[in-house]
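Source file: target.txt (compact mmCIF, C-alpha atoms)
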```txt
# COMPACT_ATOMS: atom_id res chain seq x y z
CA MET A 55 7.05 -3.60 7.42
CA LYS A 56 4.28 -2.72 4.98
CA ILE A 57 4.43 -5.09 2.01
CA ILE A 58 1.96 -5.24 -0.86
CA LEU A 59 1.33 -8.22 -3.16
CA THR A 60 -0.95 -7.84 -6.15
CA GLY A 61 -1.11 -9.01 -9.75
CA ASP A 62 -3.10 -10.31 -12.69
CA ARG A 63 -3.58 -13.50 -14.66
CA PRO A 64 -2.14 -13.03 -18.17
CA THR A 65 -5.25 -13.90 -20.16
CA GLY A 66 -4.93 -10.98 -22.57
CA LYS A 67 -4.43 -7.25 -22.73
CA LEU A 68 -5.70 -5.27 -19.74
CA HIS A 69 -8.75 -3.02 -19.95
CA LEU A 70 -10.35 -0.03 -18.22
CA GLY A 71 -11.86 -2.30 -15.57
CA HIS A 72 -8.34 -3.33 -14.56
CA TYR A 73 -7.24 0.29 -14.66
CA VAL A 74 -9.83 1.71 -12.26
CA GLY A 75 -10.09 -1.49 -10.24
CA SER A 76 -6.39 -1.90 -9.51
CA LEU A 77 -3.76 -0.40 -11.83
CA ARG A 78 -4.46 3.26 -11.08
CA GLU A 79 -4.38 2.57 -7.35
CA ARG A 80 -1.18 0.52 -7.64
CA VAL A 81 0.57 3.47 -9.24
CA ARG A 82 -0.67 5.75 -6.47
CA LEU A 83 0.47 3.34 -3.75
CA GLN A 84 3.82 2.86 -5.49
CA ASN A 85 4.43 6.61 -5.59
CA SER A 86 3.16 7.31 -2.07
CA GLY A 87 6.37 6.28 -0.35
CA GLU A 88 4.33 4.60 2.40
CA TYR A 89 5.25 1.00 1.58
CA ASP A 90 8.48 -0.90 2.15
CA LYS A 91 8.02 -3.22 -0.82
CA ILE A 92 5.51 -3.75 -3.62
CA PHE A 93 5.43 -7.08 -5.46
CA ILE A 94 3.36 -7.27 -8.67
CA MET A 95 2.91 -10.76 -10.03
CA ILE A 96 2.05 -11.88 -13.55
CA ALA A 97 0.20 -15.07 -12.56
CA ASP A 98 0.94 -17.28 -15.55
CA ALA A 99 0.69 -20.54 -13.57
CA GLN A 100 -2.85 -19.58 -12.54
CA ALA A 101 -3.67 -18.76 -16.16
CA LEU A 102 -2.56 -22.26 -17.13
CA THR A 103 -5.16 -23.82 -14.81
CA ASP A 104 -7.71 -23.26 -17.57
CA HIS A 105 -5.41 -22.54 -20.54
CA ALA A 106 -3.14 -25.59 -20.30
CA GLY A 107 -3.68 -26.38 -23.98
CA THR A 108 -2.50 -22.96 -25.15
CA PRO A 109 0.71 -22.14 -23.23
CA ALA A 110 2.08 -20.16 -26.18
CA ALA A 111 -0.84 -17.74 -25.84
CA VAL A 112 -0.15 -17.36 -22.12
CA ARG A 113 3.51 -16.62 -22.93
CA GLU A 114 2.50 -13.85 -25.36
CA ASN A 115 0.01 -12.47 -22.84
CA ILE A 116 2.79 -12.12 -20.25
CA PHE A 117 4.48 -9.64 -22.56
CA GLN A 118 1.22 -7.81 -23.22
CA VAL A 119 0.43 -7.48 -19.50
CA ALA A 120 3.97 -6.26 -18.84
CA LEU A 121 3.49 -3.59 -21.52
CA ASP A 122 0.23 -2.50 -19.89
CA TYR A 123 1.90 -2.35 -16.46
CA LEU A 124 4.73 -0.18 -17.68
CA SER A 125 2.50 2.03 -19.81
CA VAL A 126 0.21 3.00 -16.90
CA GLY A 127 3.20 4.07 -14.84
CA LEU A 128 4.28 1.09 -12.76
CA ASP A 129 7.98 1.69 -12.21
CA PRO A 130 10.38 -1.28 -11.92
CA ALA A 131 12.62 0.90 -9.73
CA LYS A 132 9.78 1.12 -7.17
CA SER A 133 7.75 -2.07 -7.78
CA THR A 134 9.00 -5.61 -8.27
CA ILE A 135 7.27 -7.04 -11.35
CA PHE A 136 7.77 -10.79 -11.69
CA ILE A 137 6.54 -13.98 -13.39
CA GLN A 138 4.84 -16.47 -11.09
CA SER A 139 5.95 -19.72 -12.74
CA GLN A 140 9.62 -18.79 -12.32
CA ILE A 141 9.44 -18.81 -8.49
CA PRO A 142 9.89 -22.48 -7.40
CA ALA A 143 9.10 -21.71 -3.74
CA LEU A 144 5.50 -20.91 -4.66
CA PHE A 145 4.82 -24.45 -5.80
CA GLU A 146 6.46 -26.04 -2.78
CA LEU A 147 4.44 -23.83 -0.41
CA THR A 148 1.27 -24.72 -2.35
CA ALA A 149 1.99 -28.43 -1.77
CA TYR A 150 2.32 -27.91 1.99
CA TYR A 151 -0.83 -25.78 2.22
CA MET A 152 -2.88 -28.33 0.30
CA ASN A 153 -2.43 -30.73 3.21
CA ILE A 154 -4.45 -28.46 5.51
CA VAL A 155 -7.28 -27.50 3.11
CA THR A 156 -10.23 -29.77 2.31
CA VAL A 157 -11.83 -30.25 -1.09
CA SER A 158 -15.23 -29.30 0.34
CA ARG A 159 -13.81 -25.97 1.57
CA LEU A 160 -12.45 -25.21 -1.90
CA GLU A 161 -15.79 -26.08 -3.49
CA ARG A 162 -17.56 -23.67 -1.12
CA ASN A 163 -15.35 -20.73 -2.13
CA PRO A 164 -17.80 -18.25 -3.77
CA THR A 165 -15.23 -16.98 -6.28
CA VAL A 166 -14.36 -20.52 -7.38
CA LYS A 167 -18.04 -21.47 -7.64
CA ALA A 168 -18.78 -18.43 -9.79
CA GLU A 169 -15.86 -19.08 -12.14
CA ILE A 170 -16.69 -22.79 -12.43
CA ALA A 171 -20.18 -21.80 -13.62
CA GLN A 172 -18.84 -19.12 -15.96
CA LYS A 173 -16.38 -21.53 -17.59
CA ASN A 174 -18.84 -24.48 -17.69
CA PHE A 175 -16.54 -26.68 -15.61
CA GLU A 176 -19.36 -28.19 -13.52
CA THR A 177 -18.92 -31.74 -14.82
CA SER A 178 -15.15 -31.69 -15.32
CA ILE A 179 -13.21 -29.37 -13.04
CA PRO A 180 -9.43 -29.32 -13.59
CA ALA A 181 -7.75 -30.09 -10.25
CA GLY A 182 -5.41 -27.12 -10.73
CA PHE A 183 -8.37 -24.79 -11.18
CA LEU A 184 -10.14 -26.06 -8.07
CA CYS A 185 -6.97 -25.64 -6.03
CA TYR A 186 -5.92 -22.23 -7.26
CA PRO A 187 -7.09 -20.50 -4.02
CA VAL A 188 -4.32 -22.52 -2.33
CA SER A 189 -1.85 -21.43 -4.98
CA GLN A 190 -2.96 -17.85 -4.45
CA ALA A 191 -2.34 -18.21 -0.73
CA ALA A 192 1.22 -19.27 -1.52
CA ASP A 193 1.62 -16.27 -3.82
CA ILE A 194 0.63 -13.87 -1.05
CA THR A 195 2.42 -15.47 1.89
CA ALA A 196 5.69 -16.12 0.05
CA PHE A 197 6.44 -12.40 0.13
CA ASP A 198 5.28 -11.66 3.70
CA ALA A 199 2.58 -9.48 2.14
CA ASN A 200 0.30 -7.93 4.74
CA ILE A 201 -1.67 -5.74 2.30
CA VAL A 202 -3.43 -7.19 -0.75
CA PRO A 203 -5.31 -4.78 -3.06
CA VAL A 204 -8.01 -6.83 -4.80
CA GLY A 205 -11.44 -6.43 -6.32
CA GLU A 206 -14.50 -7.13 -4.19
CA ASP A 207 -15.10 -10.40 -6.04
CA GLN A 208 -11.71 -11.67 -4.82
CA ALA A 209 -12.46 -11.11 -1.11
CA PRO A 210 -13.38 -14.82 -0.57
CA MET A 211 -9.98 -15.80 -1.98
CA LEU A 212 -8.18 -13.60 0.52
CA GLU A 213 -10.29 -14.97 3.37
CA GLN A 214 -9.20 -18.47 2.39
CA THR A 215 -5.57 -17.29 2.50
CA ARG A 216 -6.14 -15.93 6.00
CA GLU A 217 -7.55 -19.31 7.08
CA ILE A 218 -4.47 -21.08 5.72
CA VAL A 219 -2.13 -18.65 7.49
CA ARG A 220 -3.89 -19.16 10.83
CA LYS A 221 -3.77 -22.96 10.51
CA MET A 222 -0.09 -22.99 9.49
CA ASN A 223 0.81 -20.69 12.39
CA GLU A 224 -1.23 -22.82 14.79
CA LEU A 225 0.58 -25.98 13.68
CA TYR A 226 4.11 -24.71 13.13
CA GLY A 227 4.56 -21.44 15.02
CA GLU A 228 4.44 -17.91 13.57
CA VAL A 229 5.82 -18.84 10.16
CA LEU A 230 3.48 -16.72 8.00
CA VAL A 231 2.22 -13.14 7.92
CA GLU A 232 -1.57 -12.73 7.85
CA PRO A 233 -2.69 -10.36 5.07
CA SER A 234 -5.42 -7.73 5.05
CA ILE A 235 -7.61 -6.81 2.09
CA TYR A 236 -7.30 -3.37 0.52
CA LEU A 237 -10.39 -2.23 -1.39
CA SER A 238 -10.77 0.87 -3.53
CA SER A 239 -12.68 3.64 -1.74
CA ASN A 240 -14.65 4.29 -4.96
CA GLU A 241 -17.35 1.62 -5.17
CA THR A 242 -17.84 2.24 -8.90
CA CYS A 243 -14.20 1.33 -9.46
CA ARG A 244 -14.52 -2.01 -7.71
CA ARG A 245 -16.76 -3.48 -10.38
CA LEU A 246 -16.78 -1.41 -13.57
CA PRO A 247 -19.56 -2.60 -15.92
CA GLY A 248 -18.87 -3.43 -19.54
CA ILE A 249 -19.96 -1.08 -22.32
CA ASP A 250 -23.13 -3.16 -22.73
CA GLY A 251 -24.18 -2.43 -19.14
CA LYS A 252 -25.04 -6.07 -18.53
CA ALA A 253 -22.10 -7.25 -16.42
CA LYS A 254 -18.62 -6.55 -15.14
CA MET A 255 -16.17 -5.59 -17.89
CA SER A 256 -14.76 -8.89 -19.12
CA LYS A 257 -12.66 -10.18 -22.02
CA THR A 258 -14.86 -13.28 -22.12
CA LEU A 259 -18.02 -11.20 -22.58
CA GLY A 260 -16.42 -8.96 -25.21
CA ASN A 261 -17.59 -5.74 -23.54
CA CYS A 262 -14.19 -4.14 -22.87
CA ILE A 263 -12.32 -0.99 -23.70
CA TYR A 264 -8.66 -2.02 -23.68
CA LEU A 265 -5.85 0.26 -22.54
CA SER A 266 -4.19 -0.43 -25.88
CA ASP A 267 -7.23 0.47 -28.03
CA ASP A 268 -6.54 3.30 -30.47
CA LYS A 269 -8.59 6.50 -30.37
CA ASP A 270 -10.97 5.47 -33.17
CA THR A 271 -11.69 2.13 -31.49
CA VAL A 272 -12.40 3.82 -28.16
CA ALA A 273 -14.70 6.33 -29.90
CA ALA A 274 -16.62 3.50 -31.59
CA LYS A 275 -17.05 1.65 -28.29
CA VAL A 276 -18.19 4.78 -26.44
CA LYS A 277 -20.72 5.37 -29.22
CA GLU A 278 -22.15 1.86 -28.60
CA MET A 279 -22.43 2.33 -24.83
CA TYR A 280 -25.66 1.44 -23.08
CA THR A 281 -27.46 4.52 -21.75
CA ASP A 282 -31.16 4.92 -20.86
CA PRO A 283 -33.52 3.11 -23.27
CA LEU A 284 -36.35 5.43 -22.21
CA HIS A 285 -34.37 8.55 -23.15
CA ILE A 286 -35.54 8.58 -26.77
CA LYS A 287 -35.67 12.32 -27.48
CA VAL A 288 -33.20 14.93 -26.24
CA SER A 289 -36.05 16.65 -24.42
CA ASP A 290 -36.98 13.49 -22.49
CA PRO A 291 -35.92 13.30 -18.83
CA GLY A 292 -33.24 10.61 -18.50
CA HIS A 293 -32.07 8.18 -15.83
CA VAL A 294 -28.45 8.11 -14.67
CA GLU A 295 -28.79 4.94 -12.55
CA GLY A 296 -27.65 1.97 -14.63
CA ASN A 297 -26.55 4.36 -17.40
CA VAL A 298 -23.06 3.17 -18.29
CA VAL A 299 -21.91 6.55 -19.60
CA PHE A 300 -22.53 8.20 -16.23
CA THR A 301 -21.04 5.22 -14.39
CA TYR A 302 -17.84 5.74 -16.38
CA LEU A 303 -17.87 9.47 -15.70
CA ASP A 304 -18.11 8.70 -11.97
CA ALA A 305 -15.15 6.35 -12.28
CA PHE A 306 -12.87 8.39 -14.55
CA CYS A 307 -13.73 12.09 -14.41
CA GLU A 308 -11.98 14.09 -11.69
CA ASP A 309 -14.21 17.12 -12.28
CA LYS A 310 -17.06 15.94 -10.03
CA LYS A 311 -18.83 19.31 -10.23
CA THR A 312 -19.23 19.04 -14.01
CA VAL A 313 -20.42 15.44 -13.73
CA ALA A 314 -23.03 16.47 -11.15
CA GLU A 315 -24.25 19.26 -13.46
CA LEU A 316 -24.49 16.86 -16.42
CA LYS A 317 -26.48 14.39 -14.34
CA GLU A 318 -28.90 17.08 -13.20
CA HIS A 319 -29.37 18.35 -16.78
CA TYR A 320 -29.85 14.82 -18.14
CA GLN A 321 -32.44 13.99 -15.49
CA ARG A 322 -34.54 17.07 -16.14
CA GLY A 323 -34.31 16.62 -19.94
CA GLY A 324 -32.67 18.63 -22.70
CA LEU A 325 -29.34 16.82 -22.78
CA GLY A 326 -28.70 14.21 -25.45
CA ASP A 327 -26.69 11.02 -25.17
CA VAL A 328 -24.36 12.10 -28.00
CA LYS A 329 -23.19 15.16 -26.07
CA VAL A 330 -22.57 13.19 -22.86
CA LYS A 331 -20.69 10.49 -24.77
CA LYS A 332 -18.54 13.13 -26.44
CA PHE A 333 -17.57 14.48 -23.03
CA LEU A 334 -16.79 10.95 -21.76
CA LEU A 335 -14.58 10.32 -24.80
CA GLU A 336 -12.60 13.46 -23.99
CA VAL A 337 -12.16 12.26 -20.40
CA LEU A 338 -11.02 8.81 -21.50
CA GLU A 339 -8.65 10.18 -24.12
CA GLU A 340 -6.93 12.37 -21.54
CA ILE A 341 -6.15 9.17 -19.62
CA LEU A 342 -5.45 6.80 -22.51
CA ALA A 343 -3.35 9.00 -24.84
CA PRO A 344 -0.23 9.05 -22.60
CA ILE A 345 -0.69 5.35 -21.81
CA ARG A 346 -0.75 4.57 -25.54
CA GLN A 347 2.39 6.61 -26.11
CA ARG A 348 4.37 4.88 -23.35
CA ARG A 349 3.13 1.48 -24.53
CA ALA A 350 4.39 2.14 -28.06
CA GLU A 351 7.80 3.13 -26.67
CA TYR A 352 8.15 -0.08 -24.65
CA GLU A 353 6.69 -2.21 -27.45
CA ALA A 354 9.59 -1.06 -29.63
CA LYS A 355 12.06 -2.38 -27.01
CA PRO A 356 10.96 -5.95 -26.20
CA GLU A 357 14.41 -6.96 -24.88
CA GLU A 358 14.26 -4.18 -22.30
CA VAL A 359 10.80 -5.31 -21.17
CA MET A 360 12.00 -8.89 -20.71
CA LYS A 361 15.07 -7.68 -18.79
CA ILE A 362 12.75 -5.80 -16.41
CA LEU A 363 10.77 -9.00 -15.85
CA GLU A 364 13.95 -11.03 -15.36
CA ARG A 365 15.38 -8.66 -12.74
CA GLY A 366 12.05 -8.48 -10.92
CA THR A 367 11.73 -12.25 -10.93
CA GLN A 368 15.23 -12.66 -9.46
CA ASP A 369 14.35 -10.23 -6.67
CA ALA A 370 11.03 -11.99 -5.97
CA ASN A 371 12.72 -15.40 -6.03
CA ALA A 372 15.17 -14.37 -3.31
CA LYS A 373 12.36 -13.22 -1.01
CA ALA A 374 10.16 -16.28 -1.60
CA SER A 375 13.09 -18.63 -0.97
CA GLU A 376 13.73 -16.89 2.36
CA VAL A 377 10.09 -17.37 3.43
CA LEU A 378 10.14 -21.01 2.31
CA ARG A 379 13.22 -21.68 4.47
CA ARG A 380 11.38 -20.20 7.45
CA VAL A 381 8.29 -22.35 6.83
CA LYS A 382 10.33 -25.55 6.43
CA HIS A 383 12.19 -24.79 9.64
CA GLY A 384 8.86 -24.38 11.46
CA MET A 385 7.65 -27.67 9.98
CA HIS A 386 10.93 -29.40 11.02
CA ILE A 387 11.60 -30.52 7.45
CA ASP A 388 14.84 -28.63 6.90
CA TYR A 389 16.70 -31.90 7.38
CA PHE A 390 20.16 -30.81 6.31
CA GLY A 391 20.11 -27.24 7.61
CA SER A 392 21.26 -24.38 5.42
CA ARG A 393 24.17 -25.15 3.17
```
Could you express the structure from this file as structure tokens?
Amino acid sequence: MKIILTGDRPTGKLHLGHYVGSLRERVRLQNSGEYDKIFIMIADAQALTDHAGTPAAVRENIFQVALDYLSVGLDPAKSTIFIQSQIPALFELTAYYMNIVTVSRLERNPTVKAEIAQKNFETSIPAGFLCYPVSQAADITAFDANIVPVGEDQAPMLEQTREIVRKMNELYGEVLVEPSIYLSSNETCRRLPGIDGKAKMSKTLGNCIYLSDDKDTVAAKVKEMYTDPLHIKVSDPGHVEGNVVFTYLDAFCEDKKTVAELKEHYQRGGLGDVKVKKFLLEVLEEILAPIRQRRAEYEAKPEEVMKILERGTQDANAKASEVLRRVKHGMHIDYFGSR
């Protein structure tokens, strides 16, 4: 069996970084016919680890993420889209896994350390936040997922899952499936920079182009994009390394020959930033226009979107409950058998 588990925390609308980093590839994998099952999780419980005071916002973001999923082409007939908090087995598995993971190991997790610093949690770390690698391990293993498409920055999280799987299997027999990481073959797509060129595209840093942005908003953001500060006059030779416009062309433009020609022209001089940005806008609009249209159609039918999430959650719940029964049997804690 080839089973994929992937997903996102519902912290707001999804952006181009999500699209090239995961969404576009999920659609391709979904339509390839190579996989027996694809589970896509809206990780609201993980979002609550640092948004516990604003659960209403997380609830609204679930709907927004679902709209983004459907608008990019994720098909509920081919992929099971579900809400994390509605799968009780995930929390029970998390409790069992926490008994075999130390606090010091969690604190050494590079992804956790980076996010603690980013969110200024150094002096007061919520226990749920510190332990979310364990929760993530439950999310993956509850569906027998053996393939997990993630960004490069999430690799330490998956390695921690693999450690948990090995320990559980050592203690209780082969109760869990060990997952493998699936990384995009395009390195640019693994960590798309924000429009300011300073860091990875991030809602927190305010340097995003959202999938739901209208054409005028996208045009304004492309106009602001960081290019080459030394490329002052059109005639000046320019640099493409670190130039966000060319990074985006590498990530989004399928016409690699044209991109190579633009780079060569820019580097020798005689090509202005305005012209390159205009071409990038055309490339982005070709991608975003149909996404916008589908999003508007689903946005007009909120009941249908919630029904899709409900059906997907029921399907996911059945699978996770099956895995939980297997784990409890291995642990010899299925005291009353199956009734």
What is the distance, in Å and to one decimal place, between atom CA of Glu161 of chain A and atom CA of Met385 of chain A? 27.1 Å
Emit as AutoDock Vina command-line options the padded axis-aligned box for all listed atoms of segment 264-269 of chain A, 8 Å per side, with centre and edge lengths in Å to one decimal.
```
--center_x -6.4 --center_y 2.2 --center_z -26.5 --size_x 20.5 --size_y 24.5 --size_z 23.9
```
Pull the closest atom pair for each residue of segment 96-153 of chain A that gets at most 7 Å from segment 348-353 of chain A, along with the distance in Å to one decimal, counting only C-alpha atoms, ordering rows by chain and then ascending residue number, as a tab-separated table.
```
residue	atom	partner	partner_atom	distance
A:Leu121	CA	A:Arg349	CA	5.9
A:Asp122	CA	A:Arg349	CA	6.8
A:Ser125	CA	A:Arg349	CA	4.8
```
Please identify all polymer residues within 12 Å of Gly87 of chain A, counting all atoms listed in the file, omitting same-chain residues fewer than 4 positions from it, and present them as a short mmCIF file (atom, residue, chain, number, x, y, z; two decimals) with C-alpha atoms, in the coordinates of the input.
```cif
data_model
loop_
_atom_site.label_atom_id
_atom_site.label_comp_id
_atom_site.auth_asym_id
_atom_site.auth_seq_id
_atom_site.Cartn_x
_atom_site.Cartn_y
_atom_site.Cartn_z
CA LYS A 56 4.28 -2.72 4.98
CA ILE A 57 4.43 -5.09 2.01
CA ARG A 80 -1.18 0.52 -7.64
CA VAL A 81 0.57 3.47 -9.24
CA ARG A 82 -0.67 5.75 -6.47
CA LEU A 83 0.47 3.34 -3.75
CA LYS A 91 8.02 -3.22 -0.82
CA ILE A 92 5.51 -3.75 -3.62
CA LYS A 132 9.78 1.12 -7.17
CA SER A 133 7.75 -2.07 -7.78
#
```
Could you pull the residues within 12 Å of Ala370 of chain A, counting only C-alpha atoms, minus those fewer than 5 positions along the same chain, as a ChimeraX atom specification? /A:59,91-96,133-144,193-194,196-199,363-365,375-377
I'd like the interatomic distance between atom CA of Leu124 of chain A and atom CA of Ala110 of chain A, to a tenth of an Å.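 Atom-to-atom, atom CA of Leu124 of chain A and atom CA of Ala110 of chain A are spaced 21.9 Å apart.
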Local residues around (-36.2, 8.4, -17.9), at most 12 Å away, using all atoms listed in the file, as a PyMOL selection string: chain A and resi 281-297+317+320-325
To one decimal place, how far is atom CA of Leu77 of chain A from atom CA of Gln347 of chain A in Å? 17.1 Å
I'd like to know which of A:Lys252, A:Arg380, A:Lys361, A:Arg63 is closest to Tyr186 of chain A, using all atoms listed in the file. A:Arg63
Give me the residues within 12 Å of Glu339 of chain A as a PyMOL selection string, counting only C-alpha atoms and dropping any in the same chain fewer than 2 places off. chain A and resi 70+263+265-273+276+306-307+332-337+341-347
For Arg78 of chain A, the nearest of the candidates A:Cys262, A:Ala374, A:Val126, A:Ala274, counting all atoms listed in the file: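 Residue with the minimum atom-to-atom distance to Arg78 of chain A: A:Val126.
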Which residues come within 12 Å of Val155 of chain A, counting all atoms listed in the file, excluding same-chain residues fewer than 5 positions away, as a ChimeraX atom specification? /A:148-150,160-163,184-189,191,214-222
Counting all atoms listed in the file, the residue of A:Ala192, A:Gly71, A:Asp369, A:Glu79 that sits nearest Ile249 of chain A: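 Selected residue with least distance to Ile249 of chain A: A:Gly71.
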Using only C-alpha atoms, the shortest atom-to-atom distance to Thr60 of chain A among A:Ile362, A:Leu237, A:Met255, A:Val313 belongs to A:Leu237
Need to verify the contact set: Val119 of chain A, 8 Å, all atoms listed in the file, exclusion of same-chain residues closer than 4 positions in sequence. Can you return it as an MDAnalysis selection string? chainID A and resid 64 66:68 96 115 123
